[in-house]
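Each remark here refers to the structure printed beneath this line.
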Amino acid sequence: MHELSVTENILKIALRHANENNAKIINDIYLVIGDLSSIVDDAVEFYWNIVAENTIAKDARLHFKRIQAILQCQECLAEYQLSQKELSCPKCGSDQVRIVSGDEFYLEAIEIDR
């Protein structure tokens, strides 16, 4: 259910930037979402149709770019893709890891008409 508040914030950010640039319509919104974030694309799209109604963004298309989860072992410094089966480093077995990528969530760009 947190996608509702996330979607409202996306709209707020998009409208602010659109207004700053004298936009009449927001056509496209580009979102970057890491695989480790708990954001569900379908839920954001569902809520978008509700929260964007009666705004200049009501017909905007949402584009989702997923970022793969990459971890770095803090023992041997190896970087590796997160496996759903195993968090530990595949090289040395350590579970002392740091997230390199995959926890992102941000609005990357919007396309507007003036």
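Ordering of the structure tokens sets the chain letters (A, B, ...); residue numbers start at 1 within each chain; ligands are numbered from 1 in the order shown.
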Name all residues at most 7 Å from Cys73 (chain A) (count only C-alpha atoms; drop same-chain ones fewer than 5 positions away) and give them as an MDAnalysis selection string.
-> chainID A and resid 78:79 89 94 96:98
Just write the chosen residues, C-alpha atoms, as a CSV table (one decimal), in the first residue's frame.
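Once written, out-v2.csv looks like this:
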chain,number,residue,atom,x,y,z
A,78,ALA,CA,34.6,-9.1,-4.8
A,79,GLU,CA,31.4,-7.7,-6.5
A,89,CYS,CA,30.0,-13.8,-1.2
A,94,SER,CA,31.6,-14.0,3.9
A,96,GLN,CA,29.8,-9.0,5.4
A,97,VAL,CA,28.5,-7.2,2.3
A,98,ARG,CA,27.7,-3.7,1.0
Do you know which residues are at most 12 Å from Tyr106 (chain A) counting only C-alpha atoms, after dropping those on the same chain fewer than 4 positions away, and could you put them as a list of chain:residue names?
-> A:Val6, A:Thr7, A:Asn9, A:Ile10, A:Leu11, A:Ile13, A:Ala14, A:Ile29, A:Tyr30, A:Leu31, A:Val32, A:Ile33, A:Gly34, A:Ser37, A:Ile39, A:His63, A:Phe64, A:Lys65, A:Arg66, A:Ile67, A:Gly102, A:Ile110
Please write the residues from the selection above to a file, keeping N, CA and C atoms, as a PDB file, in the first residue's frame.
ATOM      1  N   VAL A   6       4.075   6.785  -2.489  1.00  0.00           N
ATOM      2  CA  VAL A   6       5.209   6.918  -3.417  1.00  0.00           C
ATOM      3  C   VAL A   6       4.728   7.543  -4.721  1.00  0.00           C
ATOM      4  N   THR A   7       3.595   7.078  -5.216  1.00  0.00           N
ATOM      5  CA  THR A   7       3.053   7.592  -6.472  1.00  0.00           C
ATOM      6  C   THR A   7       2.633   9.046  -6.327  1.00  0.00           C
ATOM      7  N   ASN A   9       4.038  11.189  -4.395  1.00  0.00           N
ATOM      8  CA  ASN A   9       5.286  11.968  -4.385  1.00  0.00           C
ATOM      9  C   ASN A   9       5.882  12.093  -5.783  1.00  0.00           C
ATOM     10  N   ILE A  10       5.800  11.036  -6.575  1.00  0.00           N
ATOM     11  CA  ILE A  10       6.274  11.107  -7.962  1.00  0.00           C
ATOM     12  C   ILE A  10       5.503  12.196  -8.698  1.00  0.00           C
ATOM     13  N   LEU A  11       4.184  12.203  -8.536  1.00  0.00           N
ATOM     14  CA  LEU A  11       3.356  13.209  -9.187  1.00  0.00           C
ATOM     15  C   LEU A  11       3.735  14.610  -8.724  1.00  0.00           C
ATOM     16  N   ILE A  13       6.574  15.733  -7.568  1.00  0.00           N
ATOM     17  CA  ILE A  13       7.875  16.111  -8.136  1.00  0.00           C
ATOM     18  C   ILE A  13       7.729  16.456  -9.612  1.00  0.00           C
ATOM     19  N   ALA A  14       7.010  15.610 -10.350  1.00  0.00           N
ATOM     20  CA  ALA A  14       6.826  15.840 -11.789  1.00  0.00           C
ATOM     21  C   ALA A  14       6.088  17.152 -12.036  1.00  0.00           C
ATOM     22  N   ILE A  29       7.111   9.925 -18.005  1.00  0.00           N
ATOM     23  CA  ILE A  29       7.850   9.981 -16.746  1.00  0.00           C
ATOM     24  C   ILE A  29       8.736   8.751 -16.682  1.00  0.00           C
ATOM     25  N   TYR A  30      10.025   8.966 -16.445  1.00  0.00           N
ATOM     26  CA  TYR A  30      11.015   7.887 -16.406  1.00  0.00           C
ATOM     27  C   TYR A  30      11.468   7.670 -14.965  1.00  0.00           C
ATOM     28  N   LEU A  31      11.228   6.474 -14.476  1.00  0.00           N
ATOM     29  CA  LEU A  31      11.566   6.111 -13.103  1.00  0.00           C
ATOM     30  C   LEU A  31      12.669   5.065 -13.094  1.00  0.00           C
ATOM     31  N   VAL A  32      13.579   5.176 -12.153  1.00  0.00           N
ATOM     32  CA  VAL A  32      14.636   4.191 -11.944  1.00  0.00           C
ATOM     33  C   VAL A  32      14.341   3.514 -10.615  1.00  0.00           C
ATOM     34  N   ILE A  33      14.269   2.175 -10.665  1.00  0.00           N
ATOM     35  CA  ILE A  33      13.902   1.404  -9.475  1.00  0.00           C
ATOM     36  C   ILE A  33      14.866   0.238  -9.317  1.00  0.00           C
ATOM     37  N   GLY A  34      15.527   0.171  -8.181  1.00  0.00           N
ATOM     38  CA  GLY A  34      16.429  -0.933  -7.903  1.00  0.00           C
ATOM     39  C   GLY A  34      15.665  -2.193  -7.527  1.00  0.00           C
ATOM     40  N   SER A  37      14.482  -2.477  -3.990  1.00  0.00           N
ATOM     41  CA  SER A  37      13.409  -1.637  -3.467  1.00  0.00           C
ATOM     42  C   SER A  37      12.121  -2.451  -3.470  1.00  0.00           C
ATOM     43  N   ILE A  39       9.236  -1.421  -4.392  1.00  0.00           N
ATOM     44  CA  ILE A  39       8.273  -0.774  -5.284  1.00  0.00           C
ATOM     45  C   ILE A  39       7.809  -1.765  -6.347  1.00  0.00           C
ATOM     46  N   HIS A  63       7.562   4.984 -17.420  1.00  0.00           N
ATOM     47  CA  HIS A  63       8.600   4.085 -17.922  1.00  0.00           C
ATOM     48  C   HIS A  63       9.445   3.655 -16.725  1.00  0.00           C
ATOM     49  N   PHE A  64       9.616   2.360 -16.573  1.00  0.00           N
ATOM     50  CA  PHE A  64      10.352   1.813 -15.439  1.00  0.00           C
ATOM     51  C   PHE A  64      11.668   1.214 -15.921  1.00  0.00           C
ATOM     52  N   LYS A  65      12.763   1.648 -15.307  1.00  0.00           N
ATOM     53  CA  LYS A  65      14.072   1.057 -15.578  1.00  0.00           C
ATOM     54  C   LYS A  65      14.516   0.381 -14.296  1.00  0.00           C
ATOM     55  N   ARG A  66      14.687  -0.926 -14.359  1.00  0.00           N
ATOM     56  CA  ARG A  66      15.099  -1.701 -13.189  1.00  0.00           C
ATOM     57  C   ARG A  66      16.618  -1.794 -13.125  1.00  0.00           C
ATOM     58  N   ILE A  67      17.155  -1.595 -11.925  1.00  0.00           N
ATOM     59  CA  ILE A  67      18.601  -1.690 -11.689  1.00  0.00           C
ATOM     60  C   ILE A  67      18.866  -2.966 -10.903  1.00  0.00           C
ATOM     61  N   GLY A 102      21.099  -1.325  -6.693  1.00  0.00           N
ATOM     62  CA  GLY A 102      19.890  -2.116  -6.564  1.00  0.00           C
ATOM     63  C   GLY A 102      18.905  -1.572  -5.554  1.00  0.00           C
ATOM     64  N   ILE A 110      11.416  13.703 -17.058  1.00  0.00           N
ATOM     65  CA  ILE A 110      10.048  13.837 -17.554  1.00  0.00           C
ATOM     66  C   ILE A 110      10.119  14.493 -18.935  1.00  0.00           C
TER      67      ILE A 110
END
Of the candidates A:Asn54, A:Ser101, A:Ser38, A:Ser5, which shows the shortest atom-to-atom distance to Gln68 (chain A), using only C-alpha atoms?
-> A:Ser101
Which one of A:Asp35, A:Ile56, A:Glu45, A:Val51 sits closest to Leu82 (chain A) if you count only C-alpha atoms?
-> A:Asp35
Enumerate the residues of chain A with a DSSP assignment of strand (DSSP E or B), computed from the backbone, and present them as a count of residues only.
-> 38
Might you pull out every residue within 7 Å of region 58-61 of chain A, with only C-alpha atoms counted and same-chain residues fewer than 5 positions away left off, and present them as a VMD selection string?
-> chain A and resid 26 to 29 49 52 to 53
Can you list, as a ChimeraX atom specification, every residue of chain A that DSSP puts in alpha helix (DSSP H)?
-> /A:2-20,41-51
May I ask which of the residues A:Lys24, A:Arg16, A:Arg114, A:His2 is the closest one to Tyr47 (chain A), counting only C-alpha atoms?
->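 Ranking A:Lys24, A:Arg16, A:Arg114, A:His2 by distance to Tyr47 (chain A), first place goes to A:His2.
Shortest separation to Glu86 (chain A) among A:Leu62, A:Ala23, A:Leu71, A:Ala109 occurs at residue A:Leu71, atoms counted being only C-alpha atoms.
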Which value, in Å to one decimal, gives the distance between CA of Ile112 (chain A) and CA of Ile25 (chain A)?
->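 Between CA of Ile112 (chain A) and CA of Ile25 (chain A) the gap works out to 5.5 Å.
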Shortest interatomic distance to Pro90 (chain A) - which of A:Glu104, A:Glu20, A:Glu111, A:Glu75, counting only C-alpha atoms = A:Glu75
Among the residues A:Glu3, A:Gly93, A:Ile70, A:Leu87, the one that comes closest to Trp48 (chain A) [using only C-alpha atoms] =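 Among the listed residues, A:Glu3 lies closest to Trp48 (chain A).
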May I ask for the distance between CA of Ile50 (chain A) and CA of Lys12 (chain A), given in Å to one decimal place?
->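 Pair CA of Ile50 (chain A) / CA of Lys12 (chain A) returns 13.6 Å.
The spacing separating CA of Phe105 (chain A) from CA of His17 (chain A) amounts to 17.6 Å.
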